[in-house]
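A.B. asks: Supplied structure: target26.txt, compact mmCIF, C-alpha atoms and all ligand atoms.
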```txt
# COMPACT_ATOMS: atom_id res chain seq x y z
CA MET E 961 14.51 52.77 26.57
CA SER E 962 11.72 52.58 24.05
CA MET E 963 10.78 49.04 23.11
CA GLN E 964 8.34 48.13 20.34
CA PHE E 965 7.93 45.01 18.30
CA CYS E 966 6.51 44.50 14.84
CA VAL E 967 5.68 41.12 13.32
CA LEU E 968 6.38 41.36 9.58
CA GLY E 969 4.85 37.99 8.71
CA ASN E 970 2.60 35.69 10.74
CA LYS E 971 2.11 32.85 8.27
CA ALA E 972 3.31 29.29 8.83
CA GLY E 973 4.94 27.29 6.05
CA GLY E 974 6.69 28.11 2.81
CA SER E 975 3.92 28.41 0.20
CA PRO E 976 3.03 32.02 -0.60
CA LEU E 977 -0.19 33.87 0.12
CA LEU E 978 -1.06 37.32 -1.17
CA ALA E 979 -2.29 38.68 2.12
CA ARG E 980 0.08 37.08 4.63
CA HIS E 981 3.83 36.69 4.83
CA HIS E 982 6.68 34.47 6.03
CA SER E 983 8.14 34.59 9.51
CA SER E 984 10.15 37.59 10.59
CA THR E 985 9.74 39.85 13.59
CA THR E 986 11.54 43.04 14.59
CA LEU E 987 12.17 44.47 18.01
CA LEU E 988 12.72 48.21 17.83
CA LEU E 989 14.98 49.55 20.56
CA GLU E 990 16.58 52.95 20.94
CA GLY E 991 19.00 53.28 18.02
CA GLU E 992 18.96 49.56 17.24
CA THR E 993 16.61 47.04 15.68
CA LEU E 994 16.79 43.32 16.40
CA LEU E 995 15.53 40.88 13.77
CA PHE E 996 14.10 37.47 14.65
CA ASP E 997 13.95 35.10 11.68
CA CYS E 998 14.24 36.28 8.10
CA GLY E 999 11.73 34.49 5.90
CA GLU E 1000 11.36 35.11 2.17
CA GLY E 1001 10.37 38.71 1.46
CA THR E 1002 11.62 40.15 4.75
CA GLN E 1003 13.37 43.05 3.00
CA LYS E 1004 10.13 44.10 1.33
CA ARG E 1005 8.19 43.76 4.57
CA LEU E 1006 10.70 46.05 6.28
CA LEU E 1007 10.02 48.65 3.58
CA GLU E 1008 6.27 48.22 3.98
CA ALA E 1009 6.55 48.54 7.76
CA LYS E 1010 8.75 51.65 7.27
CA ILE E 1011 11.43 50.03 9.41
CA SER E 1012 14.96 50.81 8.29
CA ARG E 1013 17.26 47.82 7.77
CA ALA E 1014 20.31 49.94 8.60
CA PRO E 1015 20.09 49.75 12.43
CA ILE E 1016 19.92 45.95 12.38
CA ASP E 1017 23.20 44.70 13.89
CA ARG E 1018 21.93 41.43 15.34
CA ILE E 1019 19.81 38.72 13.70
CA PHE E 1020 18.42 35.80 15.71
CA ILE E 1021 17.40 32.73 13.69
CA SER E 1022 15.05 30.26 15.37
CA HIS E 1023 15.69 27.32 13.04
CA MET E 1024 16.64 26.38 9.51
CA HIS E 1025 13.22 25.63 7.99
CA VAL E 1026 12.71 27.45 4.72
CA ASP E 1027 9.94 29.78 5.96
CA HIS E 1028 12.34 31.26 8.54
CA VAL E 1029 15.64 31.76 6.69
CA LEU E 1030 15.16 32.16 2.96
CA GLY E 1031 15.28 35.97 3.11
CA LEU E 1032 18.63 36.00 4.86
CA PRO E 1033 21.08 35.76 1.91
CA ALA E 1034 19.14 38.49 0.09
CA LEU E 1035 19.32 40.83 3.07
CA LEU E 1036 23.04 40.18 3.52
CA ALA E 1037 23.66 40.94 -0.18
CA THR E 1038 21.65 44.16 0.07
CA TYR E 1039 23.81 45.31 2.97
CA SER E 1040 26.78 44.97 0.64
CA SER E 1041 25.07 47.17 -1.97
CA ASP E 1042 24.30 49.59 0.87
CA LYS E 1043 28.09 49.80 1.44
CA ARG E 1044 27.55 48.67 5.00
CA THR E 1045 30.74 48.63 7.06
CA ARG E 1046 29.46 47.78 10.56
CA PRO E 1047 29.81 44.11 11.52
CA LEU E 1048 26.66 42.00 11.57
CA PHE E 1049 26.06 39.31 14.18
CA ILE E 1050 23.85 36.34 13.32
CA VAL E 1051 23.04 33.60 15.77
CA GLY E 1052 21.12 30.40 15.13
CA PRO E 1053 21.32 26.62 15.00
CA ARG E 1054 23.89 24.43 13.29
CA ASN E 1055 23.88 24.56 9.46
CA LEU E 1056 23.35 28.33 9.60
CA ARG E 1057 26.96 29.03 8.62
CA GLU E 1058 26.94 26.53 5.77
CA PHE E 1059 23.66 27.92 4.46
CA VAL E 1060 24.88 31.52 4.53
CA GLU E 1061 28.37 30.83 3.16
CA CYS E 1062 27.12 28.52 0.40
CA SER E 1063 24.43 31.02 -0.64
CA LEU E 1064 26.84 33.93 -0.78
CA ARG E 1065 29.54 31.96 -2.59
CA THR E 1066 27.29 30.41 -5.22
CA MET E 1067 25.46 33.68 -5.87
CA ASP E 1068 28.74 35.57 -6.25
CA VAL E 1069 28.12 37.92 -3.32
CA PHE E 1070 31.11 39.54 -1.64
CA LEU E 1071 30.45 41.26 1.66
CA GLY E 1072 32.18 44.52 2.48
CA TYR E 1073 31.50 44.06 6.17
CA GLU E 1074 32.33 41.49 8.78
CA LEU E 1075 29.84 38.69 9.35
CA ASP E 1076 29.99 37.15 12.81
CA ILE E 1077 28.01 33.90 12.74
CA ARG E 1078 27.46 31.98 15.95
CA GLU E 1079 26.02 28.47 15.75
CA LEU E 1080 24.36 27.10 18.87
CA ASP E 1081 24.83 23.48 19.88
CA THR E 1082 21.79 21.23 20.26
CA TYR E 1083 20.20 21.88 23.68
CA PHE E 1084 22.14 25.15 24.08
CA SER E 1085 20.73 27.39 26.76
CA GLY E 1086 22.41 30.63 27.73
CA ARG E 1087 23.40 34.18 26.85
CA VAL E 1088 24.13 35.13 23.26
CA SER E 1089 24.26 38.94 23.51
CA ASP E 1090 25.10 41.40 26.26
CA THR E 1091 25.11 45.13 25.59
CA GLY E 1092 24.94 48.19 27.82
CA SER E 1093 21.15 48.23 27.67
CA TYR E 1094 19.95 44.63 27.20
CA THR E 1095 20.86 40.95 27.21
CA VAL E 1096 19.62 38.15 24.94
CA GLU E 1097 19.27 34.54 26.09
CA ALA E 1098 18.72 31.60 23.76
CA GLN E 1099 16.98 28.38 24.69
CA MET E 1100 16.48 25.28 22.59
CA LEU E 1101 12.76 24.49 22.22
CA GLU E 1102 11.01 21.39 20.82
CA HIS E 1103 10.59 21.07 17.03
CA ARG E 1104 11.46 18.59 14.27
CA ILE E 1105 14.94 20.10 14.01
CA ASP E 1106 16.92 22.27 16.47
CA SER E 1107 14.82 25.36 17.12
CA PHE E 1108 15.69 28.17 19.52
CA GLY E 1109 13.65 30.74 21.35
CA TYR E 1110 15.16 34.10 22.32
CA ARG E 1111 14.57 36.33 25.31
CA VAL E 1112 15.57 40.00 25.27
CA GLU E 1113 15.83 41.46 28.74
CA GLU E 1114 16.19 45.17 29.36
CA LYS E 1115 18.90 46.05 31.90
CA ALA E 1116 17.86 47.90 35.04
CA HIS E 1117 19.02 51.50 34.91
CA VAL E 1118 20.31 53.49 37.83
CA ASN E 1119 17.73 56.20 38.52
CA ILE E 1120 19.47 59.24 39.99
CA ASP E 1121 17.02 61.27 42.09
CA MET E 1122 18.07 64.91 41.66
CA GLU E 1123 16.07 65.94 44.73
CA LYS E 1124 18.13 63.55 46.87
CA VAL E 1125 21.32 64.77 45.18
CA ARG E 1126 20.51 68.40 46.09
CA LYS E 1127 19.56 67.43 49.66
CA ARG E 1128 22.96 65.81 50.12
CA GLY E 1129 24.51 69.00 48.82
CA LEU E 1130 26.37 67.12 46.10
CA GLN E 1131 27.68 68.80 43.02
CA GLU E 1132 26.16 67.19 40.00
CA GLY E 1133 28.35 65.73 37.30
CA ALA E 1134 31.71 64.34 38.35
CA ILE E 1135 30.64 63.00 41.76
CA ILE E 1136 27.53 61.36 40.36
CA GLY E 1137 29.58 59.76 37.60
CA LYS E 1138 31.95 58.33 40.22
CA LEU E 1139 29.03 57.16 42.36
CA LYS E 1140 27.53 55.32 39.38
CA ARG E 1141 30.87 53.68 38.58
CA GLU E 1142 32.02 52.81 42.07
CA GLY E 1143 28.80 52.60 44.11
CA ARG E 1144 30.09 54.97 46.86
CA VAL E 1145 32.14 58.11 47.11
CA GLN E 1146 33.98 59.87 49.93
CA LEU E 1147 33.49 63.63 50.12
CA SER E 1148 36.17 66.17 51.13
CA ASP E 1149 34.62 66.46 54.64
CA GLY E 1150 35.19 62.73 55.12
CA SER E 1151 31.55 61.69 54.87
CA VAL E 1152 30.59 58.84 52.55
CA VAL E 1153 27.69 58.83 50.11
CA GLU E 1154 26.35 55.49 48.89
CA LEU E 1155 24.69 55.18 45.47
CA ASP E 1156 21.48 54.03 47.16
CA ASP E 1157 21.35 57.37 49.05
CA VAL E 1158 20.70 59.31 45.85
CA THR E 1159 18.73 56.89 43.69
CA SER E 1160 15.07 56.00 43.47
CA PRO E 1161 14.09 52.32 43.05
CA PRO E 1162 14.71 51.11 39.49
CA LYS E 1163 11.72 50.78 37.19
CA PRO E 1164 10.74 47.14 36.53
CA THR E 1165 12.58 45.92 33.47
CA ARG E 1166 10.76 44.68 30.38
CA SER E 1167 11.40 41.49 28.49
CA PHE E 1168 10.43 40.22 25.05
CA VAL E 1169 10.40 36.54 24.13
CA TYR E 1170 10.24 35.21 20.58
CA CYS E 1171 9.52 31.53 19.95
CA GLY E 1172 9.57 30.50 16.28
CA ASP E 1173 8.52 26.91 15.75
CA THR E 1174 7.94 24.65 18.73
CA GLN E 1175 5.40 22.33 20.21
CA PHE E 1176 4.37 22.78 23.84
CA SER E 1177 7.51 22.53 25.95
CA ASP E 1178 8.57 23.13 29.54
CA ARG E 1179 11.70 24.72 28.12
CA THR E 1180 9.59 27.45 26.54
CA ILE E 1181 7.94 28.10 29.91
CA GLU E 1182 11.39 28.42 31.46
CA LEU E 1183 12.51 30.90 28.78
CA ALA E 1184 9.31 32.95 28.98
CA ARG E 1185 9.09 33.11 32.79
CA LYS E 1186 7.32 36.40 33.72
CA ALA E 1187 8.17 37.99 30.35
CA THR E 1188 6.36 41.21 29.47
CA VAL E 1189 5.54 39.98 25.96
CA LEU E 1190 5.64 36.49 24.50
CA VAL E 1191 5.38 36.01 20.74
CA HIS E 1192 4.65 32.31 20.28
CA GLU E 1193 3.78 30.19 17.30
CA ALA E 1194 0.23 28.83 17.06
CA THR E 1195 0.16 26.93 13.79
CA PHE E 1196 -3.13 25.12 14.43
CA ASP E 1197 -6.26 25.16 16.58
CA SER E 1198 -6.93 22.34 19.04
CA SER E 1199 -9.07 20.30 16.61
CA LEU E 1200 -5.79 19.65 14.75
CA GLU E 1201 -3.83 18.71 17.86
CA GLY E 1202 -2.64 15.45 16.30
CA LYS E 1203 -1.28 17.27 13.27
CA ALA E 1204 0.42 19.83 15.53
CA GLY E 1205 2.12 17.06 17.51
CA HIS E 1206 3.19 15.24 14.33
CA TRP E 1207 4.81 18.35 12.83
CA GLY E 1208 6.30 19.66 16.08
CA HIS E 1209 4.00 22.67 16.24
CA ALA E 1210 1.83 24.28 18.91
CA THR E 1211 -1.90 24.87 18.92
CA ALA E 1212 -3.25 28.23 20.09
CA ALA E 1213 -4.25 26.55 23.36
CA ASP E 1214 -0.67 25.20 23.76
CA ALA E 1215 0.74 28.71 23.35
CA ALA E 1216 -1.75 30.04 25.88
CA ARG E 1217 -0.82 27.27 28.31
CA VAL E 1218 2.83 28.33 28.04
CA ALA E 1219 1.81 31.96 28.66
CA ARG E 1220 -0.27 31.01 31.69
CA GLU E 1221 2.37 28.72 33.26
CA ALA E 1222 5.13 31.26 32.61
CA GLU E 1223 2.96 34.11 33.97
CA VAL E 1224 3.77 36.39 31.04
CA GLY E 1225 2.12 39.79 30.59
CA THR E 1226 0.73 39.47 27.06
CA LEU E 1227 0.73 36.68 24.49
CA TYR E 1228 0.79 37.27 20.73
CA LEU E 1229 0.05 34.33 18.42
CA THR E 1230 2.04 34.09 15.21
CA HIS E 1231 3.07 31.45 12.60
CA ILE E 1232 -0.56 30.59 11.88
CA SER E 1233 -1.35 28.02 9.19
CA ALA E 1234 -2.44 29.32 5.78
CA ARG E 1235 -5.66 27.29 6.13
CA TYR E 1236 -7.23 29.89 8.47
CA ILE E 1237 -9.26 32.59 6.76
CA SER E 1238 -10.39 33.82 10.17
CA PHE E 1239 -8.20 33.78 13.28
CA ALA E 1240 -11.24 33.92 15.58
CA PRO E 1241 -11.21 30.21 16.59
CA LEU E 1242 -7.52 30.40 17.54
CA LEU E 1243 -7.98 33.58 19.53
CA ALA E 1244 -11.05 32.19 21.31
CA GLU E 1245 -9.31 29.00 22.45
CA ALA E 1246 -6.21 30.91 23.55
CA ARG E 1247 -8.26 33.43 25.56
CA GLU E 1248 -10.08 30.63 27.32
CA VAL E 1249 -6.73 29.56 28.79
CA PHE E 1250 -4.97 32.93 28.92
CA PRO E 1251 -7.19 36.03 28.58
CA ALA E 1252 -4.37 38.44 27.59
CA SER E 1253 -3.93 36.69 24.21
CA TYR E 1254 -3.87 38.50 20.87
CA ILE E 1255 -3.13 37.70 17.24
CA ALA E 1256 0.20 39.18 16.11
CA GLU E 1257 -1.12 41.36 13.29
CA GLU E 1258 1.36 41.89 10.48
CA LEU E 1259 3.05 45.30 10.36
CA LYS E 1260 1.34 46.54 13.53
CA LYS E 1261 3.79 48.11 15.97
CA GLU E 1262 3.10 47.13 19.57
CA THR E 1263 4.74 48.55 22.66
CA VAL E 1264 6.41 46.05 25.00
ZN ZN B 1301 7.82 27.57 10.35
ZN ZN B 1302 9.73 24.76 11.41
```
So that I can check it, write out the structure of this file as structure tokens.
Ligand SMILES: [Zn+2]
Ligand SMILES: [Zn+2]
C.D. replies:
Amino acid sequence: MSMQFCVLGNKAGGSPLLARHHSSTTLLLEGETLLFDCGEGTQKRLLEAKISRAPIDRIFISHMHVDHVLGLPALLATYSSDKRTRPLFIVGPRNLREFVECSLRTMDVFLGYELDIRELDTYFSGRVSDTGSYTVEAQMLEHRIDSFGYRVEEKAHVNIDMEKVRKRGLQEGAIIGKLKREGRVQLSDGSVVELDDVTSPPKPTRSFVYCGDTQFSDRTIELARKATVLVHEATFDSSLEGKAGHWGHATAADAARVAREAEVGTLYLTHISARYISFAPLLAEAREVFPASYIAEELKKETV
């Protein structure tokens, strides 16, 4: 399965900047796009990134602060103009339903598709999506209000080894289908073939973790354990550690500490305060702790 992510906006806070944008991140899978947060202007950023909004069937909201959700009612209304019929699943913290329903009602928006909103209880930790090709886990993090991180985990795929299939003299097709479903199959001569006899070891699965707003937390480390990619907020640099603690945010060094403790593959810093003209100090302090650290550049598509 192809897996790419694209951060549409890496700016912290609600006030606008010309060059940088509010929080939203996409994960592009085969035939489906997942959206994490939907800050103001997300629809326009999707256009600029040349990412279609149509294959978005699942939206994951970290928390209800304005810089993470204001674009949501607009996107939902656009889907109605698009004559969307497929249901849309949105998961996030409490107040999400009230926010969405109140926005749609007061702005006279009627949806022609089913909206499936799931609100997570405070301290929720567990699975929120399970499809044929991936799962998504949510984990409450540590912010001023309930804030959730999400982990997308690719499912291991059975790798049929055609060489082994031929060596066993099996006819392809029906028998292999049965093997995949049932794990073993008895042939007409009475011999038994196990699935393991005709498969090669599965490729290591990839995982993508998105953490919106949070200060340093052991819960984030738990969620991000050995993830391929971690996208983590880094609102401030360490000289503003006090401010970060007060506002429930992480410094770049905090994010890097999470990446190091969780043994992730690569760390991307996002949700960076508007005060930074250059990201160099944040990147430098992160790399000191965790060398595989990068800034999540807006609109750049990265492979997981
Ligand atoms: Zn924020
Ligand atoms: Zn916040």
A.B. asks: Grab the CA of Thr1095 (chain E) to CA of Arg1005 (chain E) distance for me, in Å with one decimal place.
C.D. replies: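 CA of Thr1095 (chain E) sits 26.1 Å away from CA of Arg1005 (chain E).
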A.B. asks: For ligand ZN 1302 (chain B), collect every residue having any atom at a distance of at most 9 Å from a ligand atom (counting only C-alpha atoms and all ligand atoms); output as a count of residues only.
C.D. replies: 19
A.B. asks: What residues have an atom no more than 12 Å from (9.9, 34.6, 11.8) in the file's own frame, counting only C-alpha atoms, and can you write them as a PyMOL selection string?
C.D. replies: chain E and resi 966-974+981-987+995-1002+1005+1019-1032+1107-1110+1170-1173+1191-1193+1229-1232+1256+1258
A.B. asks: Keeping C-alpha atoms, export the residues of the selection given above as a PDB file, in the frame of the given file.
C.D. replies:
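result.pdb, freshly written:
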```pdb
ATOM      1  CA  CYS E 966       6.510  44.500  14.840  1.00  0.00           C
ATOM      2  CA  VAL E 967       5.680  41.120  13.320  1.00  0.00           C
ATOM      3  CA  LEU E 968       6.380  41.360   9.580  1.00  0.00           C
ATOM      4  CA  GLY E 969       4.850  37.990   8.710  1.00  0.00           C
ATOM      5  CA  ASN E 970       2.600  35.690  10.740  1.00  0.00           C
ATOM      6  CA  LYS E 971       2.110  32.850   8.270  1.00  0.00           C
ATOM      7  CA  ALA E 972       3.310  29.290   8.830  1.00  0.00           C
ATOM      8  CA  GLY E 973       4.940  27.290   6.050  1.00  0.00           C
ATOM      9  CA  GLY E 974       6.690  28.110   2.810  1.00  0.00           C
ATOM     10  CA  HIS E 981       3.830  36.690   4.830  1.00  0.00           C
ATOM     11  CA  HIS E 982       6.680  34.470   6.030  1.00  0.00           C
ATOM     12  CA  SER E 983       8.140  34.590   9.510  1.00  0.00           C
ATOM     13  CA  SER E 984      10.150  37.590  10.590  1.00  0.00           C
ATOM     14  CA  THR E 985       9.740  39.850  13.590  1.00  0.00           C
ATOM     15  CA  THR E 986      11.540  43.040  14.590  1.00  0.00           C
ATOM     16  CA  LEU E 987      12.170  44.470  18.010  1.00  0.00           C
ATOM     17  CA  LEU E 995      15.530  40.880  13.770  1.00  0.00           C
ATOM     18  CA  PHE E 996      14.100  37.470  14.650  1.00  0.00           C
ATOM     19  CA  ASP E 997      13.950  35.100  11.680  1.00  0.00           C
ATOM     20  CA  CYS E 998      14.240  36.280   8.100  1.00  0.00           C
ATOM     21  CA  GLY E 999      11.730  34.490   5.900  1.00  0.00           C
ATOM     22  CA  GLU E1000      11.360  35.110   2.170  1.00  0.00           C
ATOM     23  CA  GLY E1001      10.370  38.710   1.460  1.00  0.00           C
ATOM     24  CA  THR E1002      11.620  40.150   4.750  1.00  0.00           C
ATOM     25  CA  ARG E1005       8.190  43.760   4.570  1.00  0.00           C
ATOM     26  CA  ILE E1019      19.810  38.720  13.700  1.00  0.00           C
ATOM     27  CA  PHE E1020      18.420  35.800  15.710  1.00  0.00           C
ATOM     28  CA  ILE E1021      17.400  32.730  13.690  1.00  0.00           C
ATOM     29  CA  SER E1022      15.050  30.260  15.370  1.00  0.00           C
ATOM     30  CA  HIS E1023      15.690  27.320  13.040  1.00  0.00           C
ATOM     31  CA  MET E1024      16.640  26.380   9.510  1.00  0.00           C
ATOM     32  CA  HIS E1025      13.220  25.630   7.990  1.00  0.00           C
ATOM     33  CA  VAL E1026      12.710  27.450   4.720  1.00  0.00           C
ATOM     34  CA  ASP E1027       9.940  29.780   5.960  1.00  0.00           C
ATOM     35  CA  HIS E1028      12.340  31.260   8.540  1.00  0.00           C
ATOM     36  CA  VAL E1029      15.640  31.760   6.690  1.00  0.00           C
ATOM     37  CA  LEU E1030      15.160  32.160   2.960  1.00  0.00           C
ATOM     38  CA  GLY E1031      15.280  35.970   3.110  1.00  0.00           C
ATOM     39  CA  LEU E1032      18.630  36.000   4.860  1.00  0.00           C
ATOM     40  CA  SER E1107      14.820  25.360  17.120  1.00  0.00           C
ATOM     41  CA  PHE E1108      15.690  28.170  19.520  1.00  0.00           C
ATOM     42  CA  GLY E1109      13.650  30.740  21.350  1.00  0.00           C
ATOM     43  CA  TYR E1110      15.160  34.100  22.320  1.00  0.00           C
ATOM     44  CA  TYR E1170      10.240  35.210  20.580  1.00  0.00           C
ATOM     45  CA  CYS E1171       9.520  31.530  19.950  1.00  0.00           C
ATOM     46  CA  GLY E1172       9.570  30.500  16.280  1.00  0.00           C
ATOM     47  CA  ASP E1173       8.520  26.910  15.750  1.00  0.00           C
ATOM     48  CA  VAL E1191       5.380  36.010  20.740  1.00  0.00           C
ATOM     49  CA  HIS E1192       4.650  32.310  20.280  1.00  0.00           C
ATOM     50  CA  GLU E1193       3.780  30.190  17.300  1.00  0.00           C
ATOM     51  CA  LEU E1229       0.050  34.330  18.420  1.00  0.00           C
ATOM     52  CA  THR E1230       2.040  34.090  15.210  1.00  0.00           C
ATOM     53  CA  HIS E1231       3.070  31.450  12.600  1.00  0.00           C
ATOM     54  CA  ILE E1232      -0.560  30.590  11.880  1.00  0.00           C
ATOM     55  CA  ALA E1256       0.200  39.180  16.110  1.00  0.00           C
ATOM     56  CA  GLU E1258       1.360  41.890  10.480  1.00  0.00           C
TER      57      GLU E1258
END
```
A.B. asks: Which residue is closest to Ala1009 (chain E)? Choose from E:Ala1246, E:Leu1259, E:Ala1216, E:Met961 and count all atoms listed in the file.
C.D. replies: E:Leu1259
A.B. asks: Write out as a list in words the residues lying within 9 Å of Thr1082 (chain E), counting all atoms listed in the file and excluding same-chain residues fewer than 4 positions away.
C.D. replies: Pro1053, Arg1054, Met1100, Asp1106 and Ser1107 of chain E
A.B. asks: Those residues with C-alpha atoms, as a PDB file, in the coordinates of the input please?
C.D. replies:
```pdb
ATOM      1  CA  PRO E1053      21.320  26.620  15.000  1.00  0.00           C
ATOM      2  CA  ARG E1054      23.890  24.430  13.290  1.00  0.00           C
ATOM      3  CA  MET E1100      16.480  25.280  22.590  1.00  0.00           C
ATOM      4  CA  ASP E1106      16.920  22.270  16.470  1.00  0.00           C
ATOM      5  CA  SER E1107      14.820  25.360  17.120  1.00  0.00           C
TER       6      SER E1107
END
```
A.B. asks: Choose the residue, out of E:Val1189, E:Ala1222, E:Ala1194, E:Ala1213, that has the smallest atom-to-atom separation from ligand ZN 1301 (chain B); count only C-alpha atoms and all ligand atoms.
C.D. replies: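 Ranking E:Val1189, E:Ala1222, E:Ala1194, E:Ala1213 by distance to ligand ZN 1301 (chain B), first place goes to E:Ala1194.
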A.B. asks: Can you measure CA of Lys1115 (chain E) to CA of Thr1165 (chain E) for me? One decimal in Å is fine.
C.D. replies: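 Here the two named atoms are 6.5 Å from each other.
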A.B. asks: Using only C-alpha atoms and all ligand atoms, which residue out of E:Arg1220, E:Ala1204, E:Tyr1236, E:Ser1198 lies closest to ligand ZN 1301 (chain B)?
C.D. replies: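 For ligand ZN 1301 (chain B), the nearest of the given residues is E:Ala1204.
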